[in-house]
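Report on one structure; see the data block that follows.
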Amino acid sequence: GENVEQHPSTLSVQEGDSAVIKCTYSDSASNYFPWYKQELGKGPQLIIDIRSNVGEKKDQRIAVTLNKTAKHFSLHITETQPEDSAVYFCAARTNTGNQFYFGTGTSLTVIP
Amino acid sequence: DVKVTQSSRYLVKRTGEKVFLECVQDMDHENMFWYRQDPGLGLRLIYFSYDVKMKEKGDIPEGYSVSREKKERFSLILESASTNQTSMYLCASRVEYEQYFGPGTRLTVT
């Protein structure tokens with residue numbers, strides 16, 4: 001099955017700096033890559049996603065890039081704010097499977 | 001607005017008890033999922049259902065069962081709770097590509 005690895009496990013940045021979280025996947029059939037943000041005491045919320053026919057997607061301060069050849073994708077948060085502090089999960093899914101495979105999460109702390 | 005609700009936010013049960021975790025979605029989604037979340041392990045799939053009365057095992061089904069009698073409701077059952085089932089349990093439903101999570105149930109088994 002698919003194996004998704006996520007790095008780093010913890011990340012601290014100063015407010016206003018950028019944050020980058022990276023994931024790799026193993027199954028070349030995976031074609032959908034969502035990113036979730038989980039705040040304390042809440043369930044994960046989808047913040048951005050990318051499909052394999054696209055190399056980059058941006059939504060305000062958040063962007064995701066995908067390199068299909070290298071089988072890795074990254075989340076970029078620019079101009080970080082304290083409310084960006086949360087745990088972020090990446091995931092991968094194939095177009096034939098029902099299952100999402102999740103990374104182990106990155107705890108992001110934005111220092112005011 | 002998408003809505004997935006779980007019956008309890010916090011639950012404390014004793015070893016050997018039968019435990020029911022309920023999940024309801026109001027979006028008419030066919031696919032529903034149960035995950036458990038543990039520190040350093042991310043989200044691991046226990047079971048999923050792609051239609052009423054249909055279910056499939058995920059990566060860690062041992063010690064769990066599920067029930068889906070109605071499209072909007074997906075229940076996770078711990079037949080005989082054990083301390084190693086202390087965890088955060090997350091329900092999700094999905095349409096097309098997007099998956100929506102409930103707020104989670106933190107279960108403690110003593």
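Ordered as shown in the structure tokens, chains take letters A, B, and onward, while each chain numbers its residues from 1 and ligands are numbered from 1 in the order shown.
Every protein, DNA or RNA residue with an atom at most 8 Å from Arg68 (chain B), where only C-alpha atoms count and chain neighbours fewer than 3 positions away do not, is listed here: Ser49, Asp51, Val52, Lys53, Met54, Lys55, Lys71, Arg73, Phe74 and Ser75 of chain B.
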Print the selection's residues with C-alpha atoms to a file, as a compact mmCIF listing (two decimals), in the first residue's frame.
# COMPACT_ATOMS: atom_id res chain seq x y z
CA SER B 49 -18.07 2.20 4.62
CA ASP B 51 -22.67 2.41 1.31
CA VAL B 52 -25.36 1.41 3.76
CA LYS B 53 -24.59 -1.99 5.30
CA MET B 54 -21.26 -2.12 3.42
CA LYS B 55 -17.96 -1.98 5.25
CA LYS B 71 -26.61 6.48 5.16
CA ARG B 73 -24.87 7.31 10.55
CA PHE B 74 -21.70 5.26 11.02
CA SER B 75 -21.00 3.63 14.37
Dump as a ChimeraX atom specification the residues of chain B that approach chain A to within 10 Å, counting only C-alpha atoms. /B:4,9,31-33,37-45,47-50,56,58-59,88-92,94,96-106
Requested write-out: C-alpha atoms of the selected residues, as an mmCIF file, in the first residue's frame:
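Output below, filename part-v9.cif:
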data_model
loop_
_atom_site.group_PDB
_atom_site.id
_atom_site.type_symbol
_atom_site.label_atom_id
_atom_site.label_comp_id
_atom_site.auth_asym_id
_atom_site.auth_seq_id
_atom_site.Cartn_x
_atom_site.Cartn_y
_atom_site.Cartn_z
ATOM 1 C CA VAL B 4 -19.968 15.817 10.742
ATOM 2 C CA ARG B 9 -16.213 14.703 22.889
ATOM 3 C CA ASN B 31 -18.310 7.190 2.098
ATOM 4 C CA MET B 32 -17.666 7.325 5.822
ATOM 5 C CA PHE B 33 -14.529 6.527 7.814
ATOM 6 C CA GLN B 37 -5.153 9.340 16.114
ATOM 7 C CA ASP B 38 -2.160 8.736 18.348
ATOM 8 C CA PRO B 39 0.880 10.975 18.901
ATOM 9 C CA GLY B 40 3.646 10.264 16.418
ATOM 10 C CA LEU B 41 1.502 7.846 14.428
ATOM 11 C CA GLY B 42 -0.796 10.242 12.612
ATOM 12 C CA LEU B 43 -4.233 9.053 11.535
ATOM 13 C CA ARG B 44 -4.744 5.348 11.045
ATOM 14 C CA LEU B 45 -7.813 3.944 9.334
ATOM 15 C CA TYR B 47 -12.848 0.838 9.056
ATOM 16 C CA PHE B 48 -14.688 2.546 6.259
ATOM 17 C CA SER B 49 -18.066 2.196 4.624
ATOM 18 C CA TYR B 50 -18.935 3.057 1.033
ATOM 19 C CA GLU B 56 -14.311 -2.642 4.670
ATOM 20 C CA GLY B 58 -8.744 -0.458 7.181
ATOM 21 C CA ASP B 59 -5.225 -0.823 8.523
ATOM 22 C CA MET B 88 -8.615 10.048 19.892
ATOM 23 C CA TYR B 89 -11.210 8.696 17.459
ATOM 24 C CA LEU B 90 -12.083 10.695 14.376
ATOM 25 C CA CYS B 91 -14.999 10.122 12.043
ATOM 26 C CA ALA B 92 -14.998 11.466 8.503
ATOM 27 C CA ARG B 94 -16.235 12.014 1.871
ATOM 28 C CA GLU B 96 -15.533 12.870 -4.541
ATOM 29 C CA TYR B 97 -12.077 13.867 -3.372
ATOM 30 C CA GLU B 98 -12.799 15.969 -0.307
ATOM 31 C CA GLN B 99 -12.939 14.412 3.137
ATOM 32 C CA TYR B 100 -14.564 16.147 6.117
ATOM 33 C CA PHE B 101 -13.818 15.315 9.731
ATOM 34 C CA GLY B 102 -15.849 15.453 12.894
ATOM 35 C CA PRO B 103 -14.453 17.054 16.076
ATOM 36 C CA GLY B 104 -13.237 13.738 17.511
ATOM 37 C CA THR B 105 -13.955 11.661 20.606
ATOM 38 C CA ARG B 106 -11.199 11.310 23.166
#
Counting only C-alpha atoms, what is within 9 Å of region 75-78 of chain A, bar same-chain residues fewer than 6 positions away, as a CSV table (one decimal) with N, CA and C atoms, in the first residue's frame?
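Okay, this is what ended up in out03.csv:
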chain,number,residue,atom,x,y,z
A,16,GLY,N,5.6,36.2,10.7
A,16,GLY,CA,6.0,36.9,9.5
A,16,GLY,C,7.0,36.1,8.6
A,17,ASP,N,7.6,35.1,9.2
A,17,ASP,CA,8.5,34.2,8.4
A,17,ASP,C,7.7,33.2,7.7
A,18,SER,N,8.3,32.4,6.8
A,18,SER,CA,7.6,31.4,6.0
A,18,SER,C,7.9,30.0,6.7
A,19,ALA,N,6.9,29.1,6.4
A,19,ALA,CA,7.1,27.7,7.0
A,19,ALA,C,6.9,26.8,5.8
A,20,VAL,N,7.7,25.7,5.8
A,20,VAL,CA,7.6,24.7,4.7
A,20,VAL,C,7.5,23.3,5.4
A,21,ILE,N,6.5,22.6,5.0
A,21,ILE,CA,6.4,21.2,5.4
A,21,ILE,C,6.4,20.3,4.2
A,22,LYS,N,7.2,19.2,4.3
A,22,LYS,CA,7.4,18.3,3.2
A,22,LYS,C,6.9,16.9,3.4
A,23,CYS,N,6.3,16.3,2.3
A,23,CYS,CA,5.8,15.0,2.4
A,23,CYS,C,6.3,14.2,1.1
A,35,TRP,N,-4.0,18.7,2.2
A,35,TRP,CA,-3.4,19.1,3.5
A,35,TRP,C,-4.5,19.5,4.5
A,48,ILE,N,-6.0,23.0,1.9
A,48,ILE,CA,-5.7,23.1,0.5
A,48,ILE,C,-5.4,21.7,-0.1
A,60,GLN,N,-4.2,32.4,-1.2
A,60,GLN,CA,-3.7,33.5,-0.3
A,60,GLN,C,-2.3,33.2,0.2
A,61,ARG,N,-2.2,33.0,1.5
A,61,ARG,CA,-0.8,32.8,2.1
A,61,ARG,C,-0.4,31.3,2.0
A,62,ILE,N,-1.2,30.5,1.5
A,62,ILE,CA,-0.9,29.0,1.5
A,62,ILE,C,-0.7,28.5,0.1
A,63,ALA,N,0.3,27.7,-0.1
A,63,ALA,CA,0.5,27.1,-1.4
A,63,ALA,C,1.0,25.7,-1.3
A,64,VAL,N,0.7,24.9,-2.3
A,64,VAL,CA,1.2,23.5,-2.3
A,64,VAL,C,1.8,23.3,-3.6
A,65,THR,N,3.0,22.6,-3.6
A,65,THR,CA,3.7,22.2,-4.8
A,65,THR,C,3.8,20.7,-4.9
A,84,ASP,N,-1.8,30.5,12.8
A,84,ASP,CA,-1.3,29.4,12.0
A,84,ASP,C,-0.8,28.3,12.8
A,90,CYS,N,-0.4,15.9,6.0
A,90,CYS,CA,-0.5,15.7,4.5
A,90,CYS,C,-1.1,14.3,4.3
Residues within 9 Å of Ser52 (chain A), please, as a PyMOL selection string. Count only C-alpha atoms; anything in the same chain fewer than 4 positions from it doesn't count. chain A and resi 30-33+66-68
Saved selection, atoms kept: N, CA, C and O atoms, as a short mmCIF file (atom, residue, chain, number, x, y, z; two decimals), in the first residue's frame:
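Saved file part-v2.cif follows:
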data_model
loop_
_atom_site.label_atom_id
_atom_site.label_comp_id
_atom_site.auth_asym_id
_atom_site.auth_seq_id
_atom_site.Cartn_x
_atom_site.Cartn_y
_atom_site.Cartn_z
N SER A 30 -0.96 7.36 -6.81
CA SER A 30 -1.62 8.40 -6.02
C SER A 30 -1.77 9.66 -6.86
O SER A 30 -0.84 10.07 -7.56
N ASN A 31 -2.96 10.26 -6.80
CA ASN A 31 -3.20 11.41 -7.67
C ASN A 31 -3.92 12.56 -6.97
O ASN A 31 -4.29 13.54 -7.61
N TYR A 32 -4.12 12.44 -5.67
CA TYR A 32 -4.79 13.51 -4.93
C TYR A 32 -4.07 13.69 -3.60
O TYR A 32 -3.84 12.73 -2.86
N PHE A 33 -3.71 14.96 -3.29
CA PHE A 33 -2.85 15.23 -2.14
C PHE A 33 -3.43 16.41 -1.35
O PHE A 33 -3.17 17.57 -1.65
N LEU A 66 3.77 20.15 -6.06
CA LEU A 66 3.81 18.71 -6.28
C LEU A 66 4.87 18.38 -7.32
O LEU A 66 4.89 18.98 -8.40
N ASN A 67 5.74 17.43 -6.97
CA ASN A 67 6.72 16.92 -7.93
C ASN A 67 6.44 15.44 -8.12
O ASN A 67 6.82 14.61 -7.28
N LYS A 68 5.74 15.09 -9.18
CA LYS A 68 5.33 13.70 -9.41
C LYS A 68 6.52 12.79 -9.67
O LYS A 68 6.52 11.64 -9.27
#
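Here CA of Lys18 (chain B) and CA of Trp34 (chain B) stand 17.1 Å from one another.
When CA of Tyr35 (chain B) is paired with CA of Gly1 (chain A), their separation reads 17.0 Å.
Using only C-alpha atoms, the shortest contact distance between Asp28 (chain B) and any of B:Val12, B:Ile46, B:Val95, B:Ile77 is found at B:Val95.
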Among region 8-92 of chain A, which residues carry a DSSP assignment of strand (DSSP E or B), reported as a PyMOL selection string? chain A and resi 10-14+19-25+30-38+45-51+56-59+62-67+72-77+86-92
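Minimum atom-to-atom distances from B:Ser93, B:Ser67, B:Thr108, B:Thr86 to Phe20 (chain B) were compared using only C-alpha atoms, and the lowest value belongs to B:Ser67.
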So that I can see what lies close to Ser80 (chain B), please list as a PyMOL selection string the residues with an atom at most 9 Å from it, counting only C-alpha atoms and leaving out residues fewer than 5 positions away in the same chain. chain B and resi 15-19+63-64
Can you write out the residues you just picked, keeping all heavy atoms, as a tab-separated table (two decimals), in the first residue's frame?
chain	number	residue	atom	x	y	z
B	15	THR	N	-12.14	-1.20	31.37
B	15	THR	CA	-11.68	-2.37	30.61
B	15	THR	C	-12.78	-3.43	30.56
B	15	THR	O	-13.42	-3.72	31.58
B	15	THR	CB	-10.42	-2.97	31.27
B	15	THR	OG1	-9.41	-1.96	31.31
B	15	THR	CG2	-9.92	-4.16	30.49
B	16	GLY	N	-13.02	-3.95	29.36
B	16	GLY	CA	-14.02	-5.00	29.18
B	16	GLY	C	-15.40	-4.50	28.80
B	16	GLY	O	-16.24	-5.29	28.36
B	17	GLU	N	-15.63	-3.20	28.94
B	17	GLU	CA	-16.94	-2.65	28.57
B	17	GLU	C	-17.10	-2.64	27.05
B	17	GLU	O	-16.13	-2.54	26.29
B	17	GLU	CB	-17.07	-1.21	29.07
B	17	GLU	CG	-17.49	-1.08	30.52
B	17	GLU	CD	-17.91	0.35	30.85
B	17	GLU	OE1	-19.08	0.69	30.56
B	17	GLU	OE2	-17.08	1.10	31.38
B	18	LYS	N	-18.34	-2.70	26.60
B	18	LYS	CA	-18.66	-2.53	25.18
B	18	LYS	C	-18.91	-1.04	24.97
B	18	LYS	O	-19.69	-0.42	25.70
B	18	LYS	CB	-19.89	-3.35	24.80
B	18	LYS	CG	-20.14	-3.42	23.30
B	18	LYS	CD	-21.19	-4.47	22.98
B	18	LYS	CE	-21.36	-4.67	21.49
B	18	LYS	NZ	-22.30	-5.76	21.16
B	19	VAL	N	-18.25	-0.47	23.97
B	19	VAL	CA	-18.30	0.98	23.76
B	19	VAL	C	-18.83	1.28	22.36
B	19	VAL	O	-18.41	0.64	21.39
B	19	VAL	CB	-16.90	1.60	23.92
B	19	VAL	CG1	-16.96	3.12	23.74
B	19	VAL	CG2	-16.30	1.25	25.29
B	63	GLY	N	-10.12	-5.64	17.14
B	63	GLY	CA	-10.73	-5.13	18.37
B	63	GLY	C	-11.88	-4.18	18.13
B	63	GLY	O	-12.49	-3.70	19.09
B	64	TYR	N	-12.19	-3.91	16.86
B	64	TYR	CA	-13.26	-2.99	16.51
B	64	TYR	C	-14.24	-3.64	15.54
B	64	TYR	O	-13.89	-4.55	14.81
B	64	TYR	CB	-12.70	-1.74	15.82
B	64	TYR	CG	-11.66	-0.99	16.60
B	64	TYR	CD1	-10.29	-1.24	16.41
B	64	TYR	CD2	-12.02	-0.02	17.52
B	64	TYR	CE1	-9.33	-0.54	17.11
B	64	TYR	CE2	-11.06	0.69	18.23
B	64	TYR	CZ	-9.71	0.41	18.02
B	64	TYR	OH	-8.76	1.11	18.73
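Between CA of Glu79 (chain A) and CA of Gly55 (chain A) the interatomic distance comes to 22.0 Å.
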